[in-house]
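Structure file run31.json (JSON, C-alpha atoms) is printed below.
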[["chain", "number", "residue", "atom", "x", "y", "z"],
["A", 1, "MET", "CA", -20.17, -10.49, -2.55],
["A", 2, "SER", "CA", -21.74, -8.34, -5.20],
["A", 3, "LEU", "CA", -21.04, -4.65, -5.67],
["A", 4, "ASP", "CA", -24.00, -2.37, -5.05],
["A", 5, "ALA", "CA", -24.64, 0.83, -7.04],
["A", 6, "ALA", "CA", -22.75, 3.03, -4.56],
["A", 7, "ALA", "CA", -19.67, 0.78, -4.70],
["A", 8, "ARG", "CA", -19.82, 0.72, -8.49],
["A", 9, "ARG", "CA", -19.80, 4.53, -8.56],
["A", 10, "ARG", "CA", -17.03, 4.82, -5.97],
["A", 11, "TYR", "CA", -14.73, 2.28, -7.63],
["A", 12, "ALA", "CA", -15.73, 2.97, -11.26],
["A", 13, "ARG", "CA", -12.16, 3.69, -12.40],
["A", 14, "GLN", "CA", -10.84, 0.50, -10.82],
["A", 15, "LEU", "CA", -13.63, -1.54, -12.36],
["A", 16, "LEU", "CA", -12.45, -0.39, -15.80],
["A", 17, "LEU", "CA", -8.92, -1.69, -15.23],
["A", 18, "GLY", "CA", -8.35, -5.18, -16.58],
["A", 19, "GLU", "CA", -6.02, -5.93, -13.67],
["A", 20, "ILE", "CA", -8.81, -5.24, -11.16],
["A", 21, "GLY", "CA", -12.32, -5.40, -12.66],
["A", 22, "GLU", "CA", -15.32, -6.46, -10.61],
["A", 23, "THR", "CA", -13.77, -9.67, -9.28],
["A", 24, "GLY", "CA", -10.63, -7.87, -8.17],
["A", 25, "GLN", "CA", -12.59, -5.06, -6.54],
["A", 26, "GLU", "CA", -14.62, -7.60, -4.59],
["A", 27, "ARG", "CA", -11.34, -9.18, -3.41],
["A", 28, "LEU", "CA", -10.05, -5.79, -2.30],
["A", 29, "LEU", "CA", -13.25, -5.08, -0.35],
["A", 30, "GLU", "CA", -13.05, -8.48, 1.35],
["A", 31, "SER", "CA", -9.34, -8.28, 2.18],
["A", 32, "GLY", "CA", -8.18, -6.59, 5.32],
["A", 33, "PHE", "CA", -4.85, -5.14, 6.29],
["A", 34, "ARG", "CA", -3.04, -4.25, 9.47],
["A", 35, "PRO", "CA", 0.25, -2.53, 10.28],
["A", 36, "ARG", "CA", 3.53, -4.34, 10.61],
["A", 37, "VAL", "CA", 4.41, -4.29, 14.29],
["A", 38, "ASP", "CA", 7.88, -2.83, 13.79],
["A", 39, "GLY", "CA", 7.17, -0.87, 10.59],
["A", 40, "ASP", "CA", 7.66, 2.86, 10.13],
["A", 41, "GLY", "CA", 4.55, 4.70, 11.27],
["A", 42, "ASP", "CA", 4.69, 7.50, 8.69],
["A", 43, "ALA", "CA", 5.10, 5.06, 5.80],
["A", 44, "TYR", "CA", 2.23, 2.97, 7.17],
["A", 45, "VAL", "CA", -0.08, 6.02, 7.25],
["A", 46, "VAL", "CA", 0.59, 6.58, 3.54],
["A", 47, "ALA", "CA", 0.08, 2.89, 2.72],
["A", 48, "ALA", "CA", -3.14, 2.76, 4.76],
["A", 49, "ASP", "CA", -4.52, 5.80, 2.95],
["A", 50, "TYR", "CA", -3.89, 4.23, -0.47],
["A", 51, "LEU", "CA", -5.31, 0.86, 0.61],
["A", 52, "GLU", "CA", -8.46, 2.36, 2.11],
["A", 53, "ARG", "CA", -9.03, 4.39, -1.05],
["A", 54, "ALA", "CA", -8.71, 1.18, -3.05],
["A", 55, "GLY", "CA", -11.37, -0.41, -0.87],
["A", 56, "CYS", "CA", -9.28, -2.49, 1.52],
["A", 57, "PRO", "CA", -10.51, -2.22, 5.11],
["A", 58, "ARG", "CA", -8.24, -1.88, 8.15],
["A", 59, "GLU", "CA", -8.78, -5.02, 10.21],
["A", 60, "GLU", "CA", -7.06, -6.37, 13.28],
["A", 61, "ASN", "CA", -6.86, -9.83, 11.67],
["A", 62, "GLY", "CA", -5.92, -8.51, 8.21],
["A", 63, "VAL", "CA", -2.78, -9.24, 6.26],
["A", 64, "GLU", "CA", 0.27, -7.36, 7.51],
["A", 65, "VAL", "CA", 1.35, -4.51, 5.21],
["A", 66, "ARG", "CA", 5.07, -4.85, 4.53],
["A", 67, "VAL", "CA", 6.28, -1.42, 5.58],
["A", 68, "PRO", "CA", 9.97, -1.41, 6.54],
["A", 69, "ARG", "CA", 11.34, -0.20, 9.87],
["A", 70, "ALA", "CA", 12.05, 3.48, 10.51],
["A", 71, "SER", "CA", 15.78, 2.80, 10.15],
["A", 72, "SER", "CA", 15.22, 1.57, 6.59],
["A", 73, "VAL", "CA", 13.17, 4.66, 5.76],
["A", 74, "MET", "CA", 15.97, 6.86, 7.10],
["A", 75, "ARG", "CA", 18.59, 4.91, 5.15],
["A", 76, "PHE", "CA", 16.53, 5.43, 1.97],
["A", 77, "ALA", "CA", 16.07, 9.14, 2.80],
["A", 78, "GLY", "CA", 19.75, 9.73, 3.46],
["A", 79, "SER", "CA", 18.99, 12.86, 5.47],
["A", 80, "GLN", "CA", 16.45, 14.17, 7.95],
["A", 81, "GLU", "CA", 15.16, 16.65, 5.35],
["A", 82, "LEU", "CA", 14.10, 13.81, 3.05],
["A", 83, "GLN", "CA", 12.57, 11.55, 5.69],
["A", 84, "GLU", "CA", 8.97, 12.63, 5.03],
["A", 85, "PRO", "CA", 9.13, 12.14, 1.24],
["A", 86, "ALA", "CA", 10.99, 8.87, 1.78],
["A", 87, "ALA", "CA", 8.18, 7.61, 4.02],
["A", 88, "ALA", "CA", 5.65, 8.66, 1.35],
["A", 89, "VAL", "CA", 7.50, 6.75, -1.39],
["A", 90, "ILE", "CA", 7.94, 3.66, 0.75],
["A", 91, "GLY", "CA", 4.33, 3.77, 1.93],
["A", 92, "ALA", "CA", 3.05, 4.00, -1.65],
["A", 93, "PHE", "CA", 5.33, 1.11, -2.64],
["A", 94, "ALA", "CA", 4.03, -1.03, 0.24],
["A", 95, "ALA", "CA", 0.42, -0.30, -0.74],
["A", 96, "VAL", "CA", 1.00, -1.28, -4.37],
["A", 97, "GLU", "CA", 2.76, -4.48, -3.33],
["A", 98, "HIS", "CA", -0.11, -5.34, -0.96],
["A", 99, "LEU", "CA", -2.66, -4.74, -3.73],
["A", 100, "LYS", "CA", -0.70, -6.93, -6.15],
["A", 101, "GLU", "CA", -0.74, -9.76, -3.62],
["A", 102, "VAL", "CA", -4.46, -9.40, -2.82],
["A", 103, "LEU", "CA", -5.30, -9.36, -6.53],
["A", 104, "GLY", "CA", -3.14, -12.43, -7.16],
["A", 105, "VAL", "CA", -0.87, -10.59, -9.59],
["A", 106, "ALA", "CA", 2.37, -11.32, -7.71],
["A", 107, "PRO", "CA", 3.65, -11.86, -4.17],
["A", 108, "ALA", "CA", 4.32, -8.66, -2.22],
["A", 109, "GLN", "CA", 7.97, -7.62, -2.38],
["A", 110, "GLU", "CA", 10.03, -5.83, 0.23],
["A", 111, "PHE", "CA", 11.28, -2.32, -0.57],
["A", 112, "PRO", "CA", 14.67, -2.67, -2.32],
["A", 113, "PRO", "CA", 17.32, -1.71, 0.28],
["A", 114, "GLU", "CA", 19.78, -0.50, -2.36],
["A", 115, "LEU", "CA", 17.57, 2.42, -3.43],
["A", 116, "LYS", "CA", 18.44, 5.86, -2.08],
["A", 117, "LEU", "CA", 16.89, 9.32, -2.33],
["A", 118, "SER", "CA", 19.26, 12.19, -2.98],
["A", 119, "ALA", "CA", 18.90, 15.90, -2.44],
["A", 120, "GLU", "CA", 21.57, 16.52, -5.05],
["A", 121, "ASP", "CA", 20.74, 17.45, -8.66]]

Starting from the file, lay out its structure as structure tokens.
Amino acid sequence: MSLDAAARRRYARQLLLGEIGETGQERLLESGFRPRVDGDGDAYVVAADYLERAGCPREENGVEVRVPRASSVMRFAGSQELQEPAAAVIGAFAAVEHLKEVLGVAPAQEFPPELKLSAED
């Protein structure tokens, strides 16, 4: 696959990054992703947004994005008030890990269960 002029314009910033470049961007465009069956829906929406912006297409046969279950998101949040930001953090983490794996930088890691958000100063 070769990037056309429109793709070069759209992904210009990523093409400048040594970690991605043209070869990496082509990999991203060719790689698909799908939700984890039992993953948190809100975190998946965030991950999907990041992945699509990076050029990864949603595909039924794509690689599963490692978004933890809703119970893990709630455990990380620590309270109902922090559930939405917790899902955003975990979704962004899952997207980055998926990109690292697609680019061959490192295997995708699970979100560290020992991390916690706190509403306290």

Exercise. In Å to one decimal, how far is CA of Ala70 (chain A) from CA of Gly41 (chain A)?
Worked result: 7.6 Å

For this session: With only C-alpha atoms counted, which protein, DNA or RNA residues have an atom no more than 12 Å from (-8.9, -10.0, -9.4) in the file frame? Please answer as a PyMOL selection string.
Result: chain A and resi 14-15+17-31+99-106

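Residues lying at most 9 Å from (14.0, -1.6, -1.2) in file coordinates, with all atoms listed in the file considered, are A:Pro68, A:Ser72, A:Phe76, A:Ile90, A:Gln109, A:Glu110, A:Phe111, A:Pro112, A:Pro113, A:Glu114, A:Leu115, A:Lys116.
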
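Nearest residue to Asp38 (chain A), choosing from A:Leu3, A:Val65, A:Leu82, A:Ala88 and counting only C-alpha atoms: A:Val65.
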
Exercise. Which polymer residues have any atom within 9 Å of an atom of region 44-46 of chain A, counting only C-alpha atoms, with same-chain residues fewer than 2 positions away left out, as a PyMOL selection string?
Worked result: chain A and resi 35-36+39-42+48-51+65-68+87-92+94-95

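What separates CA of Arg75 (chain A) from CA of Glu52 (chain A) is a distance of 27.3 Å.
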
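Here CA of Gly62 (chain A) stands at a distance of 18.0 Å from CA of Met1 (chain A).
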